[in-house]
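Undergrad: First the structure, which I've put down as structure tokens, then a few questions once you've had a look.
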Amino acid sequence: MSDTPVDTSDLIAVRRQKLADMRARGIDPFRANWDQTHTSKSALTQFEAEEGAFFEKNPEVKAQLETYEAADAKLSAAKQERRAKIEAGELTAEDPYELPEVPEKPEIPEGSVVSVAGRIVTFRVMGKATFVKILDRDGVVQLYVQRDALPEGVYNTDFKKLDLGDIIGVRGPLFRTKTGEITIRVQEYALVSKALRPLPEKFHGLTDSDTIYRQRHLDLITNMESRGRFITRSRIIQEIRKFLWNRDFLEVETPCLHGVAGGAAARPFQTHFNALDCDFNLRIALELHLKRMLVGGFDRVFELGRVFRNEGLSRRHNPEFTMLEVYQAYSDHRGMMELIKGMVHHLCENVLGTYQIKRADDGTVIDLSGDWREVEYSDLVKEATGDSDWFSRSKEEKLAACAKLGIEVNPELEDYEVTQDVYEKLVEVKLIQPTFVTRIPKELIPLAKLNESGDGTLDIFELAINGQEIAPAYSEQNDPDVQREMFMEQVGEETQNLDEEFLQALEHGMPPAGGMGVGIDRLVILLTEASNIRDTILFPALRPEQG
RNA sequence: GGGUCGAUAGCUCAAUCGGUAGAGCAGUGGCCUUUUAAGCCAUUGGUUCUGGGUUCGAGUCCCAGUCGGCCUACCA
């Protein structure tokens with residue numbers, strides 16, 4: 001293999017040739033391991049601490065350094081000014097000039113020796129020395145490699161043949177370069193894993209969204225913003241768990257395969273279980289099994305899980321998405337208000353470090369701190385339509401009003417659905433600041449308790465932030481007969497779509513409870529200031545590539 | 001599902017009225033021991049998404065298809 005001629009027309013062939021040459025010389029380009037003592041970040045923090053301790057013992061060196069830095073800044077400013085004048089034609093390069101004097105830079109001892117490993121993301125050869133940057137799990141660290149610091153010959157025959165994208169391990173002491181960047185002075189290095197394919201261009205990274213989604217690994221190497229967003233997503237989920245564990249909630253797992261896909265109204269994905277020779281649906285909600293946990297005496301439960309809805313793709317919809325559902329016995333929708341607000345505040349404190357979020361769309365600042373606005377559904381609809389008698393109008397009048405308001409509404413919809421359309425198209429999208437929408441009409445949700453006033457509204461809220469529904473929560477329906485009736489109205493003739501197992505469980509008695517569902521992806525969109533659900537899902541649904 | 005825009009070198013992008021497909025980065029060879037998108041010299045690299053058509057001539061115009069973005073529809 002090693003005498004295969006190099007095909008320079010193919011970047012991969014060049015790298016394969018390097019690989020073959022290494023193997024021929026008995027070097028394994030894919031090592032079993034590398035002993036790390038630090039990550040990029042912990043190495044940097046360590047040096048800062050060591051340097052700080054040194055300055056404390058030697059304050060005069062710190063003073064010298066500050067003098068040096070100030071003088072150096074003046075020097076660069078003077079050079080820049082001169083360059084600007086030459087460009088503007090006020091001076092020529094031959095004109096005599098004086099530059100401010102800069103004192104000698106004081107010596108600062110090198111830090112301790114660290115061992116790190118990561119992927120090469122920049123590689124700047126400057127003759128007999130090279131600057132390299134490697135990326136590891138928590139960031140980038142610079143390496144300084146001098147020819148004479150490596151065993152004889154290695155720099156030219158091996159080191160300079162490294163490629164962008166290769167993963168290397170290095171060992172050496174920390175120091176600060178002339179420009180102030182904390183850097184590892186490499187004494188020892190090894191190729192840990194050879195990259196046979198080139199990375200995307202370093203400055204622009206990947207921009208083709210198709211490639212970004214299909215080859216997310218490349219996006220993560222190249223695009224630090226994207227990388228950070230997925231780290232934040234993971235920390236959000238971690239902190240949600242902590243928040244609920246601390247309130248004595250039990251995390252449970254319920255099945256993804258459902259005989260009847262209940263707990264929401266959405267088209268399910270269907271599949272077939274061979275061993276039982278029967279059809280199953282992928283779950284569209286977690287609700288019904290979690291309520292059966294309440295019947296079973298698990299008074300505080302939650303599940304963080306994937307649900308699947310066989311519906312369209314959009315900026316806000318992916319067919320599989322992550323849902324949190326929480327149920328707390330002896331609580332109600334009011335209790336859920338406190339819970340969700342507490343949870344979001346916890347995330348602001350512990351993940352984001354701020355309560356102010358900038359919208360990706362228009363830069364509006366969303367303030368998540370303090371108490372959140374609470375407003376009734378009917379008031380919002382009346383306000384949006386400018387009609388205080390909206391709810392006593394006939395369907396025809398409502399449709400006519402919709403046309404005037406410039407929204408398209410399917411005339412075959414039920415009366416309450418027309419209103420709901422108005423809500424979704426005119427109201428919800430404008431609820432940018434956190435808002436609890438309460439007293440929602442009973443036709444919309446069959447699983448919640450009716451308000452005691454008997455006006456046909458439900459004891460529920462929908463939390464809207466950023467123009468999207470983030471979390472609906474109910475005082476859960478625990479009357480088995482009312483529940484059955486509500487289901488019957490929903491399914492009509494199709495009684496095979498009744499979840500009898502759930503209804504029977506309710507007949508054993510379910511404690512009064514508050515329950516809530518949180519769309520994790522939408523929450524992450526909000527908290528990471530993303531504009532598209534696909535930026536928050538590692539591998540979003542795409543049509544499989546052909547061939 | 002409908003509308004609309006797009007696909008050119010490994011990556012990011014050019015290409016005038018239909019007239020020899022270019023640049024930067026990456027790669028390759030050389031210079032360079034503190035760089036910051038390092039710099040300098042030289043240089044390789046193309047099924048212009050696929051398949052048809054019009055034309056003396058197509059990256060460019062037409063038709064069909066594939067994949068994608070955005071809008072829209074569906075969506076408790």
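Residue numbering restarts at 1 in every chain; chains get A, B, ... in the order shown in the structure tokens, and ligands count up from 1 in that same order.
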Can you list, as a list in words, all residues belonging to stretch 361-446 of chain A that DSSP tags as alpha helix (DSSP H)?
TA: Tyr377, Ser378, Asp379, Leu380, Val381, Lys382, Glu383, Ala384, Thr385, Lys395, Glu396, Glu397, Lys398, Leu399, Ala400, Ala401, Cys402, Ala403, Lys404, Leu405, Asp415, Tyr416, Glu417, Val418, Thr419, Gln420, Asp421 and Val422 of chain A
Undergrad: Name the residues of stretch 218-308 of chain A that come out as strand (DSSP E or B) in a backbone DSSP run; write them as JSON, numbers by chain.
TA: {"A": [250, 251, 257, 258, 270, 271, 272, 273, 278, 279, 280, 281, 282, 300, 301, 302, 303, 304, 305, 306, 307, 308]}
Undergrad: Counting only C-alpha atoms (C1' of nucleotides), which residues of chain B fall within 8 Å of chain A, and what is the closest atom pair for each with its distance in Å at one decimal, ordered by chain and rising number, as a Markdown table?
TA:
```
| residue | atom | partner | partner_atom | distance |
| --- | --- | --- | --- | --- |
| B:G10 | C1' | A:Pro198 | CA | 6.1 |
| B:C11 | C1' | A:Glu201 | CA | 4.3 |
| B:U12 | C1' | A:His204 | CA | 5.9 |
| B:C25 | C1' | A:Glu201 | CA | 5.8 |
| B:A26 | C1' | A:Glu201 | CA | 6.6 |
| B:G27 | C1' | A:Leu11 | CA | 6.2 |
| B:U28 | C1' | A:Thr8 | CA | 7.0 |
| B:C31 | C1' | A:Gly127 | CA | 7.8 |
| B:C32 | C1' | A:Gly127 | CA | 4.6 |
| B:U33 | C1' | A:Ala129 | CA | 4.9 |
| B:U34 | C1' | A:Lys178 | CA | 5.7 |
| B:U35 | C1' | A:Phe131 | CA | 6.3 |
| B:A37 | C1' | A:Phe203 | CA | 5.8 |
| B:A38 | C1' | A:Arg124 | CA | 7.1 |
| B:U44 | C1' | A:Thr8 | CA | 6.2 |
| B:G45 | C1' | A:Ser9 | CA | 5.1 |
| B:C67 | C1' | A:Glu545 | CA | 7.5 |
| B:G68 | C1' | A:Asp210 | CA | 5.8 |
| B:G69 | C1' | A:Ser209 | CA | 7.6 |
| B:C74 | C1' | A:Gly312 | CA | 6.5 |
| B:C75 | C1' | A:Glu311 | CA | 6.5 |
| B:A76 | C1' | A:Ala265 | CA | 5.5 |
```
Undergrad: Rounded to one decimal in Å, what is the spacing between atom CA of A:Arg214 and atom CA of A:Leu527?
TA: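 If I compute the distance from atom CA of A:Arg214 to atom CA of A:Leu527, I get 24.2 Å.
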Undergrad: Set the distance at 10 Å and use only C-alpha atoms (C1' of nucleotides): which residues neighbour A:Thr364 once local chain neighbours fewer than 6 positions away are removed? I'd like the list as number ranges by chain.
TA: A: 356-358, 432-433, 466
Undergrad: Contacts of B:G51 at 12 Å or less, counting only C-alpha atoms (C1' of nucleotides), minus same-chain residues fewer than 3 places along, as a list in words?
TA: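 So the residues in contact are C63, A64, G65 and U66 of chain B.
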Undergrad: Write out, as a PDB file, in the first residue's frame, the residues just selected, with N, CA, C and O atoms (P, O5', C5', C4', C3', O3' and C1' of nucleotides).
TA:
```
ATOM      1  P     C B  63     -40.730  24.989 -17.916  1.00  0.00           P
ATOM      2  O5'   C B  63     -40.732  23.429 -18.245  1.00  0.00           O
ATOM      3  C5'   C B  63     -41.677  22.875 -19.146  1.00  0.00           C
ATOM      4  C4'   C B  63     -41.445  21.386 -19.286  1.00  0.00           C
ATOM      5  C3'   C B  63     -41.361  20.617 -17.975  1.00  0.00           C
ATOM      6  O3'   C B  63     -42.629  20.335 -17.430  1.00  0.00           O
ATOM      7  C1'   C B  63     -39.602  19.937 -19.397  1.00  0.00           C
ATOM      8  P     A B  64     -42.775  20.163 -15.828  1.00  0.00           P
ATOM      9  O5'   A B  64     -42.065  18.757 -15.558  1.00  0.00           O
ATOM     10  C5'   A B  64     -42.660  17.552 -16.039  1.00  0.00           C
ATOM     11  C4'   A B  64     -41.743  16.379 -15.808  1.00  0.00           C
ATOM     12  C3'   A B  64     -41.288  16.176 -14.371  1.00  0.00           C
ATOM     13  O3'   A B  64     -42.265  15.548 -13.558  1.00  0.00           O
ATOM     14  C1'   A B  64     -39.436  15.975 -15.814  1.00  0.00           C
ATOM     15  P     G B  65     -42.296  15.856 -11.996  1.00  0.00           P
ATOM     16  O5'   G B  65     -40.970  15.149 -11.457  1.00  0.00           O
ATOM     17  C5'   G B  65     -40.882  13.727 -11.425  1.00  0.00           C
ATOM     18  C4'   G B  65     -39.468  13.284 -11.161  1.00  0.00           C
ATOM     19  C3'   G B  65     -38.911  13.603  -9.779  1.00  0.00           C
ATOM     20  O3'   G B  65     -39.377  12.704  -8.802  1.00  0.00           O
ATOM     21  C1'   G B  65     -37.290  14.109 -11.415  1.00  0.00           C
ATOM     22  P     U B  66     -39.475  13.155  -7.277  1.00  0.00           P
ATOM     23  O5'   U B  66     -37.948  13.209  -6.822  1.00  0.00           O
ATOM     24  C5'   U B  66     -37.174  12.015  -6.754  1.00  0.00           C
ATOM     25  C4'   U B  66     -35.787  12.339  -6.257  1.00  0.00           C
ATOM     26  C3'   U B  66     -35.733  13.153  -4.962  1.00  0.00           C
ATOM     27  O3'   U B  66     -35.903  12.335  -3.830  1.00  0.00           O
ATOM     28  C1'   U B  66     -34.249  14.098  -6.542  1.00  0.00           C
TER      29        U B  66
END
```
Undergrad: List the neighbours of stretch 408-425 of chain A out to 8 Å using only C-alpha atoms (C1' of nucleotides); skip same-chain residues closer than 5 positions along the sequence, and give me the result as a list in words.
TA: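 Once the adjacent positions are removed, what remains is Leu380, Val381, Ser394, Lys395, Lys398, Leu399, Cys402, Ala403, Pro441 and Glu443 of chain A.
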Undergrad: What lies within 8 Å of A:Asp499 using only C-alpha atoms (C1' of nucleotides), ignoring chain neighbours under 4 positions off, as a PDB file with N, CA and C atoms, in the first residue's frame?
TA:
```pdb
ATOM      1  N   VAL A 260     -53.986   1.886  22.106  1.00  0.00           N
ATOM      2  CA  VAL A 260     -54.740   3.082  21.717  1.00  0.00           C
ATOM      3  C   VAL A 260     -53.853   4.279  22.045  1.00  0.00           C
ATOM      4  N   GLY A 262     -53.608   7.510  23.155  1.00  0.00           N
ATOM      5  CA  GLY A 262     -54.488   8.479  23.798  1.00  0.00           C
ATOM      6  C   GLY A 262     -53.724   9.593  24.472  1.00  0.00           C
ATOM      7  N   LEU A 503     -59.867   4.031  31.624  1.00  0.00           N
ATOM      8  CA  LEU A 503     -61.145   4.342  32.270  1.00  0.00           C
ATOM      9  C   LEU A 503     -61.395   3.421  33.459  1.00  0.00           C
TER      10      LEU A 503
END
```
Undergrad: Write out as a PyMOL selection string which residues come within 9 Å of A:Gln483 when counting only C-alpha atoms (C1' of nucleotides), dropping same-chain ones fewer than 2 positions away.
TA: chain A and resi 446-448+477-481+485-488+503+506
